[in-house]
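Visitor: To be precise about what I am sending: the file is called protein04.cif and holds mmCIF, C-alpha atoms.
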```cif
data_model
loop_
_atom_site.label_atom_id
_atom_site.label_comp_id
_atom_site.auth_asym_id
_atom_site.auth_seq_id
_atom_site.Cartn_x
_atom_site.Cartn_y
_atom_site.Cartn_z
CA MET A 1 3.21 -10.70 -21.81
CA PHE A 2 3.05 -12.84 -18.68
CA ALA A 3 6.54 -12.19 -17.29
CA TYR A 4 6.85 -8.49 -18.04
CA LEU A 5 3.34 -7.07 -18.28
CA GLN A 6 1.67 -9.13 -15.59
CA MET A 7 4.02 -10.56 -12.98
CA GLY A 8 6.68 -7.93 -13.56
CA ILE A 9 4.30 -5.04 -12.97
CA ILE A 10 3.00 -6.57 -9.74
CA GLU A 11 6.53 -7.25 -8.50
CA THR A 12 7.63 -3.72 -9.42
CA ALA A 13 4.65 -2.25 -7.59
CA GLY A 14 5.61 -4.26 -4.49
CA VAL A 15 9.19 -2.99 -4.61
CA PHE A 16 8.13 0.64 -5.10
CA PHE A 17 5.61 0.31 -2.27
CA SER A 18 8.39 -0.95 0.01
CA TYR A 19 10.63 1.89 -1.13
CA PHE A 20 8.09 4.56 -0.23
CA MET A 21 7.10 2.81 3.01
CA ALA A 22 10.74 2.75 4.13
CA PHE A 23 10.88 6.51 3.63
CA ARG A 24 7.49 6.92 5.32
CA VAL A 25 8.68 5.03 8.41
CA ASN A 26 11.50 7.57 8.59
CA GLY A 27 9.09 10.51 8.38
CA PHE A 28 9.19 11.30 4.66
CA SER A 29 6.25 11.36 2.26
CA PRO A 30 6.60 10.55 -1.44
CA SER A 31 6.64 14.28 -2.20
CA ASP A 32 9.67 14.61 0.08
CA VAL A 33 11.48 12.01 -2.03
CA VAL A 34 10.32 12.19 -5.66
CA TRP A 35 12.30 14.73 -7.69
CA GLN A 36 14.17 15.76 -4.53
CA ALA A 37 17.60 14.22 -5.15
CA ASP A 38 19.33 17.49 -4.31
CA LYS A 39 18.04 17.24 -0.71
CA TRP A 40 19.62 13.78 -0.37
CA ASP A 41 22.99 14.76 -1.83
CA ASP A 42 26.02 14.64 0.47
CA ASN A 43 26.63 18.34 -0.19
CA ALA A 44 23.19 19.36 1.13
CA PRO A 45 23.75 20.29 4.79
CA ILE A 46 20.22 19.54 6.02
CA THR A 47 16.92 18.09 4.84
CA ALA A 48 13.54 18.87 6.33
CA SER A 49 11.09 16.06 7.03
CA LEU A 50 7.33 16.21 7.37
CA ASN A 51 7.53 16.86 11.08
CA GLY A 52 10.00 19.71 10.60
CA LYS A 53 13.00 17.80 11.93
CA LEU A 54 16.29 18.51 10.20
CA TYR A 55 18.58 15.63 9.20
CA SER A 56 22.37 15.66 9.01
CA VAL A 57 24.35 14.01 6.21
CA SER A 58 25.07 10.93 8.37
CA GLU A 59 21.38 10.59 9.31
CA ARG A 60 20.37 10.85 5.65
CA LYS A 61 22.95 8.21 4.69
CA HIS A 62 21.55 5.87 7.33
CA ILE A 63 17.99 6.44 6.07
CA LEU A 64 19.11 5.72 2.49
CA LYS A 65 20.83 2.51 3.62
CA GLU A 66 17.63 1.42 5.35
CA VAL A 67 15.63 2.17 2.21
CA GLN A 68 18.13 0.21 0.08
CA THR A 69 17.88 -2.70 2.48
CA ALA A 70 14.06 -2.62 2.39
CA VAL A 71 14.15 -2.61 -1.42
CA PHE A 72 16.55 -5.58 -1.49
CA LEU A 73 14.35 -7.56 0.88
CA SER A 74 11.20 -6.68 -1.05
CA ILE A 75 12.79 -8.00 -4.24
CA VAL A 76 13.51 -11.28 -2.45
CA ILE A 77 9.92 -11.48 -1.17
CA VAL A 78 8.12 -10.68 -4.43
CA GLN A 79 10.43 -13.00 -6.35
CA LEU A 80 9.38 -15.76 -3.97
CA GLY A 81 5.77 -15.06 -4.97
CA GLY A 82 6.85 -15.26 -8.61
CA LEU A 83 8.64 -18.55 -7.97
CA LEU A 84 5.55 -20.07 -6.40
CA ALA A 85 3.39 -18.77 -9.25
CA CYS A 86 5.67 -20.29 -11.90
CA LYS A 87 6.02 -23.62 -10.11
CA THR A 88 3.44 -25.15 -12.43
CA ARG A 89 2.06 -24.01 -15.76
CA LEU A 90 -1.54 -25.16 -15.34
CA LEU A 91 -1.96 -27.12 -12.14
CA SER A 92 -2.89 -25.19 -9.03
CA LEU A 93 -0.12 -24.73 -6.48
CA PHE A 94 -2.55 -26.04 -3.88
CA GLN A 95 -3.09 -29.24 -5.91
CA GLN A 96 0.62 -29.63 -6.69
CA GLY A 97 1.83 -29.04 -3.16
CA MET A 98 5.35 -28.22 -2.05
CA HIS A 99 7.02 -31.59 -2.55
CA ASN A 100 10.13 -30.34 -4.35
CA TRP A 101 12.63 -30.37 -1.49
CA PHE A 102 15.37 -28.83 -3.61
CA MET A 103 13.16 -25.79 -4.19
CA ASN A 104 12.05 -25.71 -0.54
CA THR A 105 15.68 -25.80 0.57
CA ALA A 106 16.53 -23.03 -1.90
CA ILE A 107 13.73 -20.86 -0.47
CA VAL A 108 15.02 -21.32 3.08
CA PHE A 109 18.59 -20.67 1.91
CA GLU A 110 17.47 -17.52 0.08
CA PHE A 111 15.93 -16.06 3.22
CA CYS A 112 18.89 -17.09 5.38
CA PHE A 113 21.28 -15.54 2.89
CA ALA A 114 19.22 -12.34 2.75
CA CYS A 115 19.31 -12.17 6.57
CA PHE A 116 23.06 -12.77 6.48
CA ILE A 117 23.53 -9.86 4.08
CA ILE A 118 21.16 -7.58 5.99
CA TYR A 119 22.26 -8.29 9.57
CA THR A 120 25.97 -9.24 9.41
CA PRO A 121 28.30 -6.38 10.35
CA GLY A 122 30.99 -5.88 7.74
CA VAL A 123 28.89 -7.47 5.01
CA GLN A 124 26.41 -4.62 5.46
CA ASP A 125 29.16 -2.09 4.78
CA VAL A 126 30.29 -3.84 1.61
CA VAL A 127 26.78 -3.98 0.11
CA GLY A 128 25.53 -0.65 1.51
CA MET A 129 22.84 -1.98 3.82
CA THR A 130 21.93 -1.70 7.47
CA ASP A 131 19.82 -3.51 10.05
CA LEU A 132 16.19 -3.47 9.02
CA ARG A 133 13.34 -2.74 11.40
CA GLY A 134 10.76 -5.52 11.58
CA ILE A 135 7.98 -3.36 10.18
CA LEU A 136 9.90 -3.01 6.91
CA TRP A 137 9.74 -6.77 6.31
CA LEU A 138 6.00 -6.46 5.69
CA PRO A 139 5.23 -4.06 2.79
CA ALA A 140 6.10 -6.52 0.00
CA VAL A 141 4.30 -9.51 1.55
CA PRO A 142 0.79 -8.62 0.28
CA PHE A 143 2.20 -8.28 -3.24
CA ALA A 144 3.78 -11.75 -3.06
CA ILE A 145 0.48 -13.17 -1.84
CA PHE A 146 -1.38 -11.30 -4.59
CA ILE A 147 0.98 -12.79 -7.21
CA VAL A 148 0.18 -16.31 -6.04
CA PHE A 149 -3.58 -15.75 -6.01
CA TYR A 150 -3.52 -13.85 -9.32
CA ASP A 151 -1.71 -16.78 -10.89
CA GLU A 152 -4.12 -19.29 -9.37
CA ILE A 153 -7.02 -17.43 -11.00
CA ARG A 154 -5.12 -17.23 -14.30
CA LYS A 155 -4.46 -20.98 -14.25
CA TYR A 156 -8.10 -21.67 -13.40
CA PHE A 157 -9.29 -19.78 -16.48
CA ILE A 158 -6.71 -21.49 -18.69
CA ARG A 159 -7.82 -24.92 -17.44
CA LYS A 160 -11.45 -24.00 -18.18
CA ASP A 161 -10.74 -22.59 -21.65
CA PRO A 162 -7.29 -23.63 -22.98
CA LYS A 163 -7.74 -21.62 -26.19
CA GLY A 164 -9.34 -18.58 -24.60
CA LEU A 165 -8.15 -15.01 -24.22
CA VAL A 166 -6.44 -15.60 -20.87
CA ALA A 167 -4.49 -18.54 -22.31
CA ARG A 168 -3.45 -16.55 -25.39
CA PHE A 169 -2.11 -13.64 -23.38
CA SER A 170 -0.64 -15.34 -20.35
CA TYR A 171 0.30 -18.95 -21.07
CA TYR A 172 4.04 -19.43 -21.25
#
```
Would you kindly transcribe this structure into structure tokens?

Guide:
Amino acid sequence: MFAYLQMGIIETAGVFFSYFMAFRVNGFSPSDVVWQADKWDDNAPITASLNGKLYSVSERKHILKEVQTAVFLSIVIVQLGGLLACKTRLLSLFQQGMHNWFMNTAIVFEFCFACFIIYTPGVQDVVGMTDLRGILWLPAVPFAIFIVFYDEIRKYFIRKDPKGLVARFSYY
């Protein structure tokens, strides 16, 4: 219940939000994307955006690479929120602190590795990504923060009532 129906749903929402924001930054609304795969196919000569601009196949491929990159980064970000939430089972993260230097090093390495994949020419081509605009680093951040605070509240209620409803449905 905790991993799939609570944390998993929040993480998924963060990834989908990043997905749609990456399209929005490129001038496409959700209605331009959902159930519109034929417009993004390589055989479709042009695609109309909200502002009436027409996009070539190469422009569409670049947009899709940017969306894929934003989704990859958002997964990294929301998973970081999940990592921090699962750091302790009952104790608050703020009481526990960040004293595990192996985990801290892994977090730094994870972000450095993500940047390496996103911004290194050649590697980008292999994994189907492209340079990411700074604004597209942000959409998943509120979801990661929400995960941490949601889990802090969950742990608080479990500490107050270890046999209560919250504990039964979310203690792992």

Visitor: Selection in question (the file shown): the PyMOL selection byres ((chain A and resi 61) around 12). Which residues does it include, as a compact mmCIF listing (two decimals) with C-alpha atoms, keeping the file's coordinate frame?

Guide:
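Here's the written file selection-v8.txt:
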```
# COMPACT_ATOMS: atom_id res chain seq x y z
CA LYS A 39 18.04 17.24 -0.71
CA TRP A 40 19.62 13.78 -0.37
CA ASP A 41 22.99 14.76 -1.83
CA ASP A 42 26.02 14.64 0.47
CA ASN A 43 26.63 18.34 -0.19
CA ALA A 44 23.19 19.36 1.13
CA ILE A 46 20.22 19.54 6.02
CA THR A 47 16.92 18.09 4.84
CA TYR A 55 18.58 15.63 9.20
CA SER A 56 22.37 15.66 9.01
CA VAL A 57 24.35 14.01 6.21
CA SER A 58 25.07 10.93 8.37
CA GLU A 59 21.38 10.59 9.31
CA ARG A 60 20.37 10.85 5.65
CA HIS A 62 21.55 5.87 7.33
CA ILE A 63 17.99 6.44 6.07
CA LEU A 64 19.11 5.72 2.49
CA LYS A 65 20.83 2.51 3.62
CA GLU A 66 17.63 1.42 5.35
CA VAL A 67 15.63 2.17 2.21
CA GLN A 68 18.13 0.21 0.08
CA GLY A 128 25.53 -0.65 1.51
CA MET A 129 22.84 -1.98 3.82
CA THR A 130 21.93 -1.70 7.47
```

Visitor: I'd like the residues picked by the PyMOL selection byres ((chain A and resi 169) around 12) written out as a ChimeraX atom specification, using the chain letters and numbers from the file.

Guide: /A:1-6,154-155,157-158,162-168,170-172

Visitor: Check the smallest atom-to-atom distance from each of A:Gly14, A:Thr120, A:Leu90, A:Lys53 to Asn26 (chain A) using only C-alpha atoms, then report the winner.

Guide: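 Of A:Gly14, A:Thr120, A:Leu90, A:Lys53, the one nearest Asn26 (chain A) is A:Lys53, counting only C-alpha atoms.
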
Visitor: For Ala106 (chain A), which residue among A:Leu132, A:Val123, A:Leu83, A:Ala22 is the nearest when counting all atoms listed in the file?

Guide: A:Leu83

Visitor: Could you state the separation of CA of Val34 (chain A) and CA of Gly81 (chain A) in Å, given to one decimal place?

Guide: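 We find that CA of Val34 (chain A) and CA of Gly81 (chain A) lie 27.6 Å from each other.
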